[in-house]
>>> print(open('work-v9.cif').read())   # mmCIF, C-alpha atoms and all ligand atoms
data_structure
#
loop_
_atom_site.label_atom_id
_atom_site.label_comp_id
_atom_site.auth_asym_id
_atom_site.auth_seq_id
_atom_site.Cartn_x
_atom_site.Cartn_y
_atom_site.Cartn_z
CA MET U 1396 -13.02 103.57 -78.49
CA SER U 1397 -14.74 102.17 -75.39
CA ARG U 1398 -18.51 102.30 -75.26
CA LEU U 1399 -18.39 103.94 -71.84
CA SER U 1400 -15.42 105.71 -70.33
CA ILE U 1401 -15.49 106.89 -66.73
CA GLN U 1402 -12.68 109.36 -66.33
CA ASN U 1403 -11.31 110.59 -63.05
CA VAL U 1404 -14.75 110.68 -61.43
CA THR U 1405 -14.72 112.22 -57.96
CA LYS U 1406 -17.66 112.77 -55.63
CA TYR U 1407 -17.86 114.13 -52.11
CA PHE U 1408 -20.63 113.98 -49.54
CA GLY U 1409 -19.65 116.74 -47.12
CA ALA U 1410 -16.09 115.99 -46.04
CA ASP U 1411 -16.25 112.36 -47.23
CA THR U 1412 -14.69 111.39 -50.55
CA VAL U 1413 -17.13 108.78 -51.83
CA LEU U 1414 -15.60 108.37 -55.31
CA ASP U 1415 -11.90 109.04 -55.52
CA HIS U 1416 -10.57 109.87 -59.01
CA LEU U 1417 -12.08 106.69 -60.38
CA ASN U 1418 -11.38 105.45 -63.93
CA LEU U 1419 -13.11 102.64 -65.78
CA ASP U 1420 -13.56 101.78 -69.47
CA VAL U 1421 -16.35 99.43 -70.49
CA GLU U 1422 -16.39 97.84 -73.94
CA LYS U 1423 -19.45 97.31 -76.12
CA GLY U 1424 -21.39 94.22 -75.06
CA GLU U 1425 -19.31 93.76 -71.92
CA PHE U 1426 -20.77 92.75 -68.55
CA VAL U 1427 -18.76 94.51 -65.85
CA THR U 1428 -19.49 94.11 -62.15
CA LEU U 1429 -18.73 96.56 -59.38
CA LEU U 1430 -18.15 94.45 -56.31
CA GLY U 1431 -17.41 95.78 -52.86
CA PRO U 1432 -18.59 96.11 -49.27
CA SER U 1433 -21.47 98.32 -48.22
CA GLY U 1434 -20.63 102.01 -48.48
CA CYS U 1435 -17.69 101.70 -50.91
CA GLY U 1436 -19.44 103.89 -53.51
CA LYS U 1437 -20.89 101.39 -56.00
CA SER U 1438 -24.40 102.87 -56.14
CA THR U 1439 -23.05 106.40 -56.17
CA LEU U 1440 -20.96 105.60 -59.23
CA LEU U 1441 -24.02 104.20 -61.05
CA ARG U 1442 -26.01 107.25 -60.06
CA CYS U 1443 -23.30 109.55 -61.45
CA ILE U 1444 -23.32 107.63 -64.75
CA ALA U 1445 -27.12 107.85 -64.92
CA GLY U 1446 -27.09 111.54 -64.05
CA LEU U 1447 -28.97 111.02 -60.78
CA ALA U 1448 -26.04 112.32 -58.72
CA VAL U 1449 -23.77 115.24 -59.47
CA MET U 1450 -20.03 114.59 -59.42
CA GLU U 1451 -17.45 117.18 -58.43
CA GLU U 1452 -14.74 116.21 -60.89
CA GLY U 1453 -14.25 114.02 -63.95
CA ALA U 1454 -16.19 113.08 -67.04
CA ILE U 1455 -18.51 110.33 -68.27
CA MET U 1456 -17.96 109.62 -71.97
CA LEU U 1457 -20.46 107.55 -73.94
CA GLU U 1458 -19.23 106.55 -77.39
CA GLY U 1459 -16.71 109.38 -77.24
CA ARG U 1460 -19.22 112.07 -76.24
CA ASP U 1461 -19.12 113.74 -72.84
CA ILE U 1462 -22.58 113.17 -71.29
CA SER U 1463 -21.67 114.53 -67.85
CA ALA U 1464 -23.92 117.58 -68.18
CA ASP U 1465 -26.85 115.83 -69.93
CA LEU U 1466 -30.18 115.25 -68.22
CA PRO U 1467 -30.74 111.62 -67.15
CA LYS U 1468 -33.38 111.09 -69.84
CA ASP U 1469 -31.02 112.24 -72.60
CA ARG U 1470 -28.07 110.03 -71.66
CA GLY U 1471 -29.03 106.79 -73.42
CA VAL U 1472 -28.56 104.94 -70.15
CA GLY U 1473 -31.06 102.49 -68.61
CA MET U 1474 -31.25 101.55 -64.96
CA VAL U 1475 -32.71 98.65 -62.98
CA PHE U 1476 -32.87 98.82 -59.19
CA GLN U 1477 -33.20 96.34 -56.35
CA SER U 1478 -36.85 97.25 -55.83
CA TYR U 1479 -38.71 96.70 -59.06
CA GLU U 1480 -40.57 100.00 -58.98
CA LEU U 1481 -43.22 98.84 -61.44
CA PHE U 1482 -46.40 100.89 -61.69
CA PRO U 1483 -48.86 98.83 -59.62
CA ASN U 1484 -51.95 100.03 -61.47
CA MET U 1485 -50.59 99.14 -64.91
CA THR U 1486 -50.41 95.77 -66.66
CA VAL U 1487 -47.12 94.19 -67.68
CA TYR U 1488 -47.73 95.47 -71.21
CA ASP U 1489 -48.30 99.05 -70.07
CA ASN U 1490 -45.35 98.98 -67.70
CA ILE U 1491 -43.03 97.98 -70.53
CA ALA U 1492 -44.66 100.41 -72.97
CA PHE U 1493 -44.51 103.35 -70.56
CA GLY U 1494 -41.14 104.80 -71.58
CA LEU U 1495 -41.88 104.29 -75.27
CA LYS U 1496 -45.14 106.24 -74.97
CA MET U 1497 -43.25 109.02 -73.20
CA HIS U 1498 -40.89 109.13 -76.18
CA LYS U 1499 -43.96 109.39 -78.43
CA MET U 1500 -43.19 106.24 -80.36
CA PRO U 1501 -45.97 105.29 -82.83
CA LYS U 1502 -48.48 102.77 -81.45
CA ASP U 1503 -47.61 99.94 -83.86
CA ALA U 1504 -43.91 100.29 -83.14
CA ILE U 1505 -44.66 100.21 -79.40
CA ARG U 1506 -46.63 96.97 -79.75
CA LYS U 1507 -43.84 95.39 -81.77
CA ARG U 1508 -41.13 96.43 -79.29
CA VAL U 1509 -43.14 95.33 -76.22
CA ASP U 1510 -43.85 91.96 -77.89
CA GLU U 1511 -40.13 91.50 -78.50
CA MET U 1512 -39.31 92.37 -74.90
CA ILE U 1513 -41.93 90.00 -73.54
CA GLN U 1514 -40.38 87.22 -75.64
CA VAL U 1515 -36.91 88.11 -74.36
CA ILE U 1516 -37.98 87.89 -70.71
CA ASP U 1517 -40.08 84.84 -71.52
CA LEU U 1518 -43.39 85.96 -69.98
CA PRO U 1519 -45.72 85.65 -72.99
CA ASN U 1520 -48.74 84.67 -70.88
CA LYS U 1521 -48.45 87.57 -68.45
CA MET U 1522 -48.97 90.46 -70.85
CA ASN U 1523 -52.20 91.53 -69.14
CA ALA U 1524 -51.23 90.65 -65.57
CA TYR U 1525 -50.71 93.31 -62.89
CA PRO U 1526 -47.49 93.41 -60.85
CA HIS U 1527 -49.18 91.99 -57.72
CA GLU U 1528 -50.10 88.90 -59.75
CA LEU U 1529 -46.43 88.17 -60.48
CA SER U 1530 -43.67 86.58 -58.38
CA GLY U 1531 -40.69 88.70 -57.32
CA GLY U 1532 -38.53 87.16 -60.03
CA GLN U 1533 -41.17 87.83 -62.69
CA GLN U 1534 -41.56 91.44 -61.53
CA GLN U 1535 -37.81 91.95 -61.81
CA ARG U 1536 -37.88 90.53 -65.35
CA VAL U 1537 -40.59 93.05 -66.26
CA ALA U 1538 -38.51 95.86 -64.74
CA LEU U 1539 -35.62 94.70 -66.88
CA ALA U 1540 -37.81 94.59 -70.01
CA ARG U 1541 -39.06 98.09 -69.26
CA SER U 1542 -35.50 99.43 -69.11
CA MET U 1543 -34.39 97.47 -72.18
CA ALA U 1544 -37.37 98.61 -74.26
CA ASN U 1545 -35.79 102.03 -74.76
CA GLN U 1546 -32.70 100.31 -76.16
CA PRO U 1547 -30.23 102.12 -73.91
CA LYS U 1548 -26.59 102.16 -74.96
CA VAL U 1549 -25.59 101.12 -71.46
CA MET U 1550 -27.62 99.27 -68.84
CA LEU U 1551 -26.92 99.94 -65.18
CA MET U 1552 -28.14 97.44 -62.60
CA ASP U 1553 -28.04 98.19 -58.88
CA GLU U 1554 -28.29 94.92 -56.95
CA PRO U 1555 -31.27 93.82 -59.09
CA LEU U 1556 -31.37 90.32 -57.62
CA SER U 1557 -30.80 90.97 -53.94
CA ALA U 1558 -34.47 91.19 -52.93
CA LEU U 1559 -35.15 87.72 -54.32
CA ASP U 1560 -34.83 84.44 -52.46
CA ALA U 1561 -31.75 82.30 -53.07
CA LYS U 1562 -33.13 79.83 -55.62
CA ILE U 1563 -34.93 82.40 -57.81
CA ARG U 1564 -31.89 84.56 -57.57
CA ARG U 1565 -29.61 81.84 -58.93
CA ASN U 1566 -32.00 81.10 -61.81
CA LEU U 1567 -32.42 84.75 -62.67
CA ARG U 1568 -28.64 85.23 -62.70
CA VAL U 1569 -28.40 82.76 -65.54
CA GLU U 1570 -31.42 84.22 -67.37
CA LEU U 1571 -30.17 87.76 -67.02
CA ARG U 1572 -26.75 86.84 -68.32
CA ASN U 1573 -28.29 84.98 -71.28
CA ILE U 1574 -30.47 87.98 -72.16
CA GLN U 1575 -27.49 90.32 -71.83
CA LYS U 1576 -25.38 88.16 -74.15
CA LYS U 1577 -28.17 87.67 -76.67
CA LEU U 1578 -28.77 91.42 -76.98
CA GLY U 1579 -25.08 92.35 -76.65
CA MET U 1580 -26.17 94.75 -73.91
CA THR U 1581 -23.29 96.76 -72.40
CA THR U 1582 -23.92 96.36 -68.68
CA ILE U 1583 -22.58 97.60 -65.36
CA PHE U 1584 -23.91 95.49 -62.53
CA VAL U 1585 -23.54 96.31 -58.84
CA THR U 1586 -23.40 93.67 -56.15
CA HIS U 1587 -21.80 92.95 -52.80
CA ASP U 1588 -22.15 89.22 -53.44
CA GLN U 1589 -18.85 87.63 -54.50
CA GLU U 1590 -20.43 84.54 -56.00
CA GLU U 1591 -22.81 86.62 -58.09
CA ALA U 1592 -19.93 88.75 -59.40
CA LEU U 1593 -17.69 85.81 -60.19
CA THR U 1594 -20.36 83.73 -61.93
CA MET U 1595 -21.93 86.46 -64.08
CA SER U 1596 -19.24 88.86 -65.22
CA ASP U 1597 -16.81 89.31 -68.07
CA ARG U 1598 -14.86 91.57 -65.74
CA VAL U 1599 -15.03 92.30 -62.03
CA CYS U 1600 -13.97 95.61 -60.44
CA VAL U 1601 -13.38 95.26 -56.72
CA MET U 1602 -14.07 98.59 -54.99
CA TYR U 1603 -12.97 99.86 -51.63
CA LYS U 1604 -13.48 103.37 -50.25
CA GLY U 1605 -14.35 105.00 -53.57
CA LYS U 1606 -11.58 103.37 -55.61
CA ILE U 1607 -11.24 100.34 -57.83
CA VAL U 1608 -8.55 98.35 -56.05
CA GLN U 1609 -8.41 95.45 -58.51
CA MET U 1610 -9.96 94.75 -61.88
CA GLY U 1611 -9.84 91.55 -63.92
CA THR U 1612 -11.69 88.50 -65.20
CA PRO U 1613 -13.41 86.45 -62.49
CA GLU U 1614 -10.65 83.86 -62.87
CA GLU U 1615 -7.88 86.46 -62.38
CA ILE U 1616 -9.57 88.04 -59.39
CA TYR U 1617 -10.28 84.71 -57.75
CA THR U 1618 -6.92 83.08 -58.32
CA ASN U 1619 -4.67 86.11 -58.05
CA PRO U 1620 -5.87 88.65 -55.51
CA LYS U 1621 -3.33 91.44 -55.30
CA THR U 1622 -4.08 92.71 -51.83
CA GLU U 1623 -5.18 91.41 -48.46
CA PHE U 1624 -8.50 93.22 -48.80
CA VAL U 1625 -9.33 91.55 -52.14
CA ALA U 1626 -8.19 88.14 -50.88
CA ARG U 1627 -10.38 88.38 -47.79
CA PHE U 1628 -13.34 89.85 -49.65
CA ILE U 1629 -13.35 87.49 -52.59
CA GLY U 1630 -12.97 84.16 -50.85
CA ASN U 1631 -12.01 82.37 -47.71
CA TYR U 1632 -8.33 82.89 -48.34
CA ASN U 1633 -5.87 82.18 -45.55
CA ILE U 1634 -3.55 85.15 -45.11
CA LEU U 1635 -0.07 84.20 -44.00
CA SER U 1636 2.98 86.27 -43.15
CA ILE U 1637 6.43 85.07 -44.20
CA GLU U 1638 7.11 84.25 -40.51
CA GLU U 1639 3.99 82.05 -40.40
CA LEU U 1640 5.12 80.28 -43.56
CA ARG U 1641 8.34 79.38 -41.76
CA LEU U 1642 6.26 77.11 -39.50
CA TRP U 1643 6.26 74.70 -42.47
CA ASN U 1644 9.12 72.42 -43.49
CA GLY U 1645 10.67 73.33 -46.78
CA ASP U 1646 12.93 75.83 -48.39
CA ILE U 1647 10.98 79.02 -47.64
CA ARG U 1648 12.59 81.50 -49.98
CA LEU U 1649 9.65 83.44 -51.34
CA ALA U 1650 9.81 87.08 -52.31
CA GLY U 1651 7.23 89.03 -50.33
CA LYS U 1652 6.02 89.49 -46.77
CA GLN U 1653 2.42 88.38 -46.95
CA PHE U 1654 0.73 85.60 -48.89
CA ALA U 1655 -2.79 84.46 -49.72
CA VAL U 1656 -3.55 80.76 -49.83
CA ARG U 1657 -6.87 79.34 -51.00
CA PRO U 1658 -8.41 76.71 -48.70
CA GLU U 1659 -8.83 74.25 -51.57
CA SER U 1660 -5.21 74.53 -52.65
CA MET U 1661 -3.92 72.79 -49.50
CA ARG U 1662 -4.38 69.10 -48.78
CA LEU U 1663 -4.59 67.06 -45.59
CA TYR U 1664 -3.26 63.51 -45.34
CA PRO U 1665 -3.34 60.93 -42.53
CA LEU U 1666 0.17 60.85 -40.98
CA LEU U 1667 1.04 57.42 -42.30
CA GLU U 1668 -0.23 57.89 -45.82
CA THR U 1669 2.39 57.71 -48.56
CA ILE U 1670 2.18 60.79 -50.71
CA GLU U 1671 2.74 60.31 -54.39
CA ASP U 1672 2.21 63.77 -55.86
CA LEU U 1673 5.43 65.40 -57.01
CA ILE U 1674 4.33 69.04 -56.85
CA PRO U 1675 6.84 71.06 -54.77
CA CYS U 1676 5.10 71.69 -51.44
CA PHE U 1677 5.66 73.05 -47.99
CA GLU U 1678 4.67 70.44 -45.44
CA ALA U 1679 3.69 70.58 -41.77
CA GLU U 1680 1.96 68.56 -39.08
CA CYS U 1681 -1.19 70.08 -37.67
CA MET U 1682 -4.28 69.10 -35.72
CA ILE U 1683 -7.86 69.15 -37.05
CA THR U 1684 -9.97 71.27 -34.70
CA GLU U 1685 -13.16 71.67 -36.75
CA ALA U 1686 -14.82 69.77 -39.59
CA THR U 1687 -17.97 71.11 -41.24
CA VAL U 1688 -19.97 69.64 -44.09
CA LEU U 1689 -20.74 72.32 -46.71
CA GLY U 1690 -22.57 70.08 -49.18
CA ASN U 1691 -19.99 68.73 -51.58
CA ILE U 1692 -17.15 70.41 -49.66
CA MET U 1693 -15.71 69.45 -46.26
CA ARG U 1694 -14.30 72.49 -44.51
CA TYR U 1695 -11.59 71.77 -41.94
CA VAL U 1696 -10.03 74.19 -39.51
CA VAL U 1697 -6.57 73.08 -38.47
CA ASP U 1698 -4.11 74.26 -35.84
CA LEU U 1699 -0.48 74.53 -36.92
CA LYS U 1700 1.55 75.50 -33.86
CA GLY U 1701 -1.13 78.01 -32.87
CA LEU U 1702 -1.87 79.19 -36.42
CA LYS U 1703 -5.49 78.57 -37.50
CA LEU U 1704 -5.97 77.64 -41.15
CA THR U 1705 -8.99 76.73 -43.26
CA VAL U 1706 -8.65 73.78 -45.61
CA ASP U 1707 -11.37 72.63 -48.04
CA ALA U 1708 -11.59 69.14 -49.47
CA LEU U 1709 -14.11 67.38 -51.66
CA ASN U 1710 -16.63 65.61 -49.49
CA ILE U 1711 -16.32 62.01 -50.60
CA SER U 1712 -18.42 60.47 -47.87
CA GLY U 1713 -16.58 58.37 -45.33
CA LYS U 1714 -13.45 58.13 -47.46
CA SER U 1715 -11.27 60.91 -46.08
CA GLY U 1716 -9.99 59.11 -42.97
CA LEU U 1717 -9.82 62.55 -41.32
CA GLY U 1718 -11.59 63.70 -38.17
CA ILE U 1719 -11.54 66.23 -35.35
CA GLY U 1720 -8.64 65.76 -32.92
CA MET U 1721 -6.43 63.92 -35.42
CA THR U 1722 -2.87 65.01 -36.08
CA VAL U 1723 -2.38 65.05 -39.84
CA LYS U 1724 -0.01 66.13 -42.56
CA LEU U 1725 -0.78 69.41 -44.31
CA ARG U 1726 0.70 70.12 -47.74
CA LEU U 1727 0.77 73.50 -49.41
CA PRO U 1728 1.96 73.70 -53.05
CA ILE U 1729 4.57 76.45 -53.22
CA GLU U 1730 3.05 77.95 -56.36
CA GLU U 1731 -0.26 78.42 -54.51
CA CYS U 1732 1.25 81.04 -52.18
CA LYS U 1733 0.10 84.27 -53.85
CA VAL U 1734 2.21 87.26 -52.91
CA LEU U 1735 0.18 90.23 -51.66
CA ALA U 1736 1.10 93.87 -52.10
CA ASP U 1737 2.78 95.42 -49.07
CA GLY U 1738 0.27 97.22 -46.86
CA GLY U 1739 -2.14 97.69 -49.79
CA VAL U 1740 -5.92 97.49 -49.50
N1 LIG C 1 -27.26 111.37 -50.29
C1 LIG C 1 -26.22 111.10 -49.52
N2 LIG C 1 -25.82 111.95 -48.57
C2 LIG C 1 -24.74 111.72 -47.80
N3 LIG C 1 -23.97 110.61 -47.90
C3 LIG C 1 -24.33 109.69 -48.81
C4 LIG C 1 -25.46 109.88 -49.67
N4 LIG C 1 -25.56 108.80 -50.50
C5 LIG C 1 -24.54 107.98 -50.14
N5 LIG C 1 -23.81 108.49 -49.16
C6 LIG C 1 -22.60 107.90 -48.56
O1 LIG C 1 -21.70 107.59 -49.60
C7 LIG C 1 -21.02 106.37 -49.36
C8 LIG C 1 -21.21 105.45 -50.56
O2 LIG C 1 -22.57 105.06 -50.65
P1 LIG C 1 -23.09 104.09 -51.78
O3 LIG C 1 -24.57 103.93 -51.60
O4 LIG C 1 -22.59 104.52 -53.08
O5 LIG C 1 -22.35 102.74 -51.38
P2 LIG C 1 -22.57 101.27 -51.90
O6 LIG C 1 -21.21 100.72 -52.13
O7 LIG C 1 -23.51 101.24 -53.03
O8 LIG C 1 -23.20 100.57 -50.61
P3 LIG C 1 -24.45 99.56 -50.49
O9 LIG C 1 -23.93 98.23 -50.99
O10 LIG C 1 -24.68 99.53 -49.00
O11 LIG C 1 -25.58 100.12 -51.27
C9 LIG C 1 -21.58 105.83 -48.07
O12 LIG C 1 -20.70 106.13 -47.03
C10 LIG C 1 -22.89 106.55 -47.90
O13 LIG C 1 -23.21 106.70 -46.54
#
>>> encode(input="work-v9.cif", output="structure tokens")
Amino acid sequence: MSRLSIQNVTKYFGADTVLDHLNLDVEKGEFVTLLGPSGCGKSTLLRCIAGLAVMEEGAIMLEGRDISADLPKDRGVGMVFQSYELFPNMTVYDNIAFGLKMHKMPKDAIRKRVDEMIQVIDLPNKMNAYPHELSGGQQQRVALARSMANQPKVMLMDEPLSALDAKIRRNLRVELRNIQKKLGMTTIFVTHDQEEALTMSDRVCVMYKGKIVQMGTPEEIYTNPKTEFVARFIGNYNILSIEELRLWNGDIRLAGKQFAVRPESMRLYPLLETIEDLIPCFEAECMITEATVLGNIMRYVVDLKGLKLTVDALNISGKSGLGIGMTVKLRLPIEECKVLADGGV
């Protein structure tokens, strides 16, 4: 039995279907991410699970029990939001203890639990600090500890890192994931940031217009997008029609009409270079029109008979022999052409 089972959940706002017969099972200890563009229904789904929004159809099952009609406080679900929402007039200790006091836990047990939580979030010296004395990242860790203190069966996180600056955000991603693994905390995490979803999750659900359009491990989602929408959303995939593939030399006999090709799967070579790799490839001549340094990656835009393509290469300084205006050879391994579903989102 799954820890959490979302069954056929449907929600309308007026005439708009915001969640469309959505199904999702989450296993105990799993970290599942809902990833999708603004407005696709991610937050609404979390709010339905937490009992903060009423759904029109479907059921939310927690450990086999239907909790759809339970009050939020009785669901055994914790939630962390983008804004930390700590009580400004309370210390870190009191913020974490707040929910436990509400549940009338004995004082000694509260102290023990808060101590544990403070160890988990690694803020032992800040027990008596007030929120305004903490950095954004520290405040979010306290918000997390406050939600975890009640030992929820499922933790819901709505873009908890998006108010933080890039460096803190990256560090906290790792910390959060370590805490989640250590406690075996079943987690649903919402983000619109592809990198965040791919680096943190056991499983990623890509959402579009109230539906999960693809679900899989980060590796599956990244290397095998099933639709044009997922390919465009998840990376800088080039989307090619079968006609555009025919601009290459080679035996173009692929099943399908539309293909996704990752920028790093193609390679550029100076025209005169002898190519030794034996991987079956399509090959074409093209011209480099743009070259941008993205740290350790060089991003090239090339023109192949009017078709613009993005090609990424490792940035090994000064060694590529490639530059803007050059006509070069472009090779595309046949197995890297991922067939996309016809007309699907
Ligand atoms: N209280 C509300 N009343 C009317 N429409 C709403 C309400 N809350 C959300 N919506 C609409 O429901 C849709 C889904 O919103 P939701 O906040 O779930 O999306 P999201 O994927 O979390 O987006 P974001 O990443 O921008 O937070 C949007 O079109 C939004 O405008």
>>> residues_near_ligand(input="work-v9.cif", ligand="ligand LIG 1 (chain C)", cutoff="9 Å", atoms="only C-alpha atoms and all ligand atoms", output="PDB file with C-alpha atoms, keeping the file's coordinate frame")
ATOM      1  CA  LYS U1406     -17.660 112.770 -55.630  1.00  0.00           C
ATOM      2  CA  TYR U1407     -17.860 114.130 -52.110  1.00  0.00           C
ATOM      3  CA  PHE U1408     -20.630 113.980 -49.540  1.00  0.00           C
ATOM      4  CA  GLY U1409     -19.650 116.740 -47.120  1.00  0.00           C
ATOM      5  CA  ASP U1411     -16.250 112.360 -47.230  1.00  0.00           C
ATOM      6  CA  THR U1412     -14.690 111.390 -50.550  1.00  0.00           C
ATOM      7  CA  VAL U1413     -17.130 108.780 -51.830  1.00  0.00           C
ATOM      8  CA  LEU U1414     -15.600 108.370 -55.310  1.00  0.00           C
ATOM      9  CA  LEU U1429     -18.730  96.560 -59.380  1.00  0.00           C
ATOM     10  CA  LEU U1430     -18.150  94.450 -56.310  1.00  0.00           C
ATOM     11  CA  GLY U1431     -17.410  95.780 -52.860  1.00  0.00           C
ATOM     12  CA  PRO U1432     -18.590  96.110 -49.270  1.00  0.00           C
ATOM     13  CA  SER U1433     -21.470  98.320 -48.220  1.00  0.00           C
ATOM     14  CA  GLY U1434     -20.630 102.010 -48.480  1.00  0.00           C
ATOM     15  CA  CYS U1435     -17.690 101.700 -50.910  1.00  0.00           C
ATOM     16  CA  GLY U1436     -19.440 103.890 -53.510  1.00  0.00           C
ATOM     17  CA  LYS U1437     -20.890 101.390 -56.000  1.00  0.00           C
ATOM     18  CA  SER U1438     -24.400 102.870 -56.140  1.00  0.00           C
ATOM     19  CA  THR U1439     -23.050 106.400 -56.170  1.00  0.00           C
ATOM     20  CA  LEU U1440     -20.960 105.600 -59.230  1.00  0.00           C
ATOM     21  CA  LEU U1441     -24.020 104.200 -61.050  1.00  0.00           C
ATOM     22  CA  ARG U1442     -26.010 107.250 -60.060  1.00  0.00           C
ATOM     23  CA  ALA U1448     -26.040 112.320 -58.720  1.00  0.00           C
ATOM     24  CA  ASP U1553     -28.040  98.190 -58.880  1.00  0.00           C
ATOM     25  CA  GLU U1554     -28.290  94.920 -56.950  1.00  0.00           C
ATOM     26  CA  VAL U1585     -23.540  96.310 -58.840  1.00  0.00           C
ATOM     27  CA  THR U1586     -23.400  93.670 -56.150  1.00  0.00           C
ATOM     28  CA  HIS U1587     -21.800  92.950 -52.800  1.00  0.00           C
ATOM     29  CA  MET U1602     -14.070  98.590 -54.990  1.00  0.00           C
ATOM     30  CA  TYR U1603     -12.970  99.860 -51.630  1.00  0.00           C
ATOM     31  CA  LYS U1604     -13.480 103.370 -50.250  1.00  0.00           C
ATOM     32  CA  GLY U1605     -14.350 105.000 -53.570  1.00  0.00           C
TER      33      GLY U1605
END
>>> closest_atom_pairs(input="work-v9.cif", of="region 1470-1497 of chain U", to="region 1527-1551 of chain U", cutoff="7 Å", atoms="all atoms listed in the file", output="tab-separated table")
residue	atom	partner	partner_atom	distance
U:Gly1471	CA	U:Pro1547	CA	4.8
U:Val1472	CA	U:Pro1547	CA	5.0
U:Gly1473	CA	U:Met1550	CA	4.7
U:Met1474	CA	U:Leu1551	CA	4.6
U:Val1475	CA	U:Leu1539	CA	6.3
U:Tyr1479	CA	U:Gln1535	CA	5.6
U:Leu1481	CA	U:Ala1538	CA	6.5
U:Val1487	CA	U:Val1537	CA	6.8
U:Asn1490	CA	U:Arg1541	CA	6.5
U:Ile1491	CA	U:Arg1541	CA	4.2
U:Gly1494	CA	U:Asn1545	CA	6.8
U:Leu1495	CA	U:Asn1545	CA	6.5
>>> write_last_selection(input="work-v9.cif", atoms="C-alpha atoms", output="PDB file, in the coordinates of the input")
ATOM      1  CA  GLY U1471     -29.030 106.790 -73.420  1.00  0.00           C
ATOM      2  CA  VAL U1472     -28.560 104.940 -70.150  1.00  0.00           C
ATOM      3  CA  GLY U1473     -31.060 102.490 -68.610  1.00  0.00           C
ATOM      4  CA  MET U1474     -31.250 101.550 -64.960  1.00  0.00           C
ATOM      5  CA  VAL U1475     -32.710  98.650 -62.980  1.00  0.00           C
ATOM      6  CA  TYR U1479     -38.710  96.700 -59.060  1.00  0.00           C
ATOM      7  CA  LEU U1481     -43.220  98.840 -61.440  1.00  0.00           C
ATOM      8  CA  VAL U1487     -47.120  94.190 -67.680  1.00  0.00           C
ATOM      9  CA  ASN U1490     -45.350  98.980 -67.700  1.00  0.00           C
ATOM     10  CA  ILE U1491     -43.030  97.980 -70.530  1.00  0.00           C
ATOM     11  CA  GLY U1494     -41.140 104.800 -71.580  1.00  0.00           C
ATOM     12  CA  LEU U1495     -41.880 104.290 -75.270  1.00  0.00           C
TER      13      LEU U1495
END
>>> residues_around(input="work-v9.cif", residues="Asn1710 (chain U)", least_positions_apart="6", cutoff="9 Å", atoms="only C-alpha atoms", output="list in words")
Val1688, Leu1689, Gly1690, Asn1691, Ile1692, Met1693 and Arg1694 of chain U
>>> atom_distance(input="work-v9.cif", atom1="CA of Leu1649 (chain U)", atom2="CA of Ile1637 (chain U)")
8.0 Å
>>> atom_distance(input="work-v9.cif", atom1="CA of Met1456 (chain U)", atom2="CA of Arg1398 (chain U)")
8.0 Å
>>> decode(input="work-v9.cif", residues="region 1531-1542 of chain U", atoms="N, CA and C atoms", output="JSON list (two decimals), in the first residue's frame")
[["chain", "number", "residue", "atom", "x", "y", "z"],
["U", 1531, "GLY", "N", 17.78, 34.28, 5.77],
["U", 1531, "GLY", "CA", 16.62, 33.66, 5.10],
["U", 1531, "GLY", "C", 16.71, 32.14, 5.13],
["U", 1532, "GLY", "N", 17.90, 31.63, 4.85],
["U", 1532, "GLY", "CA", 18.09, 30.17, 4.83],
["U", 1532, "GLY", "C", 17.86, 29.56, 6.21],
["U", 1533, "GLN", "N", 18.35, 30.27, 7.24],
["U", 1533, "GLN", "CA", 18.15, 29.77, 8.62],
["U", 1533, "GLN", "C", 16.67, 29.81, 9.00],
["U", 1534, "GLN", "N", 15.99, 30.87, 8.59],
["U", 1534, "GLN", "CA", 14.55, 30.96, 8.90],
["U", 1534, "GLN", "C", 13.79, 29.81, 8.24],
["U", 1535, "GLN", "N", 14.20, 29.48, 7.01],
["U", 1535, "GLN", "CA", 13.48, 28.40, 6.32],
["U", 1535, "GLN", "C", 13.77, 27.06, 7.00],
["U", 1536, "ARG", "N", 14.97, 26.90, 7.55],
["U", 1536, "ARG", "CA", 15.28, 25.67, 8.28],
["U", 1536, "ARG", "C", 14.42, 25.57, 9.54],
["U", 1537, "VAL", "N", 14.20, 26.71, 10.20],
["U", 1537, "VAL", "CA", 13.34, 26.70, 11.40],
["U", 1537, "VAL", "C", 11.90, 26.35, 11.00],
["U", 1538, "ALA", "N", 11.45, 26.92, 9.88],
["U", 1538, "ALA", "CA", 10.08, 26.61, 9.42],
["U", 1538, "ALA", "C", 9.94, 25.11, 9.15],
["U", 1539, "LEU", "N", 11.00, 24.54, 8.59],
["U", 1539, "LEU", "CA", 11.00, 23.11, 8.31],
["U", 1539, "LEU", "C", 10.95, 22.32, 9.63],
["U", 1540, "ALA", "N", 11.77, 22.74, 10.59],
["U", 1540, "ALA", "CA", 11.80, 22.05, 11.89],
["U", 1540, "ALA", "C", 10.44, 22.14, 12.57],
["U", 1541, "ARG", "N", 9.80, 23.29, 12.45],
["U", 1541, "ARG", "CA", 8.49, 23.46, 13.07],
["U", 1541, "ARG", "C", 7.47, 22.48, 12.47],
["U", 1542, "SER", "N", 7.53, 22.32, 11.14],
["U", 1542, "SER", "CA", 6.59, 21.37, 10.52],
["U", 1542, "SER", "C", 6.94, 19.93, 10.86]]
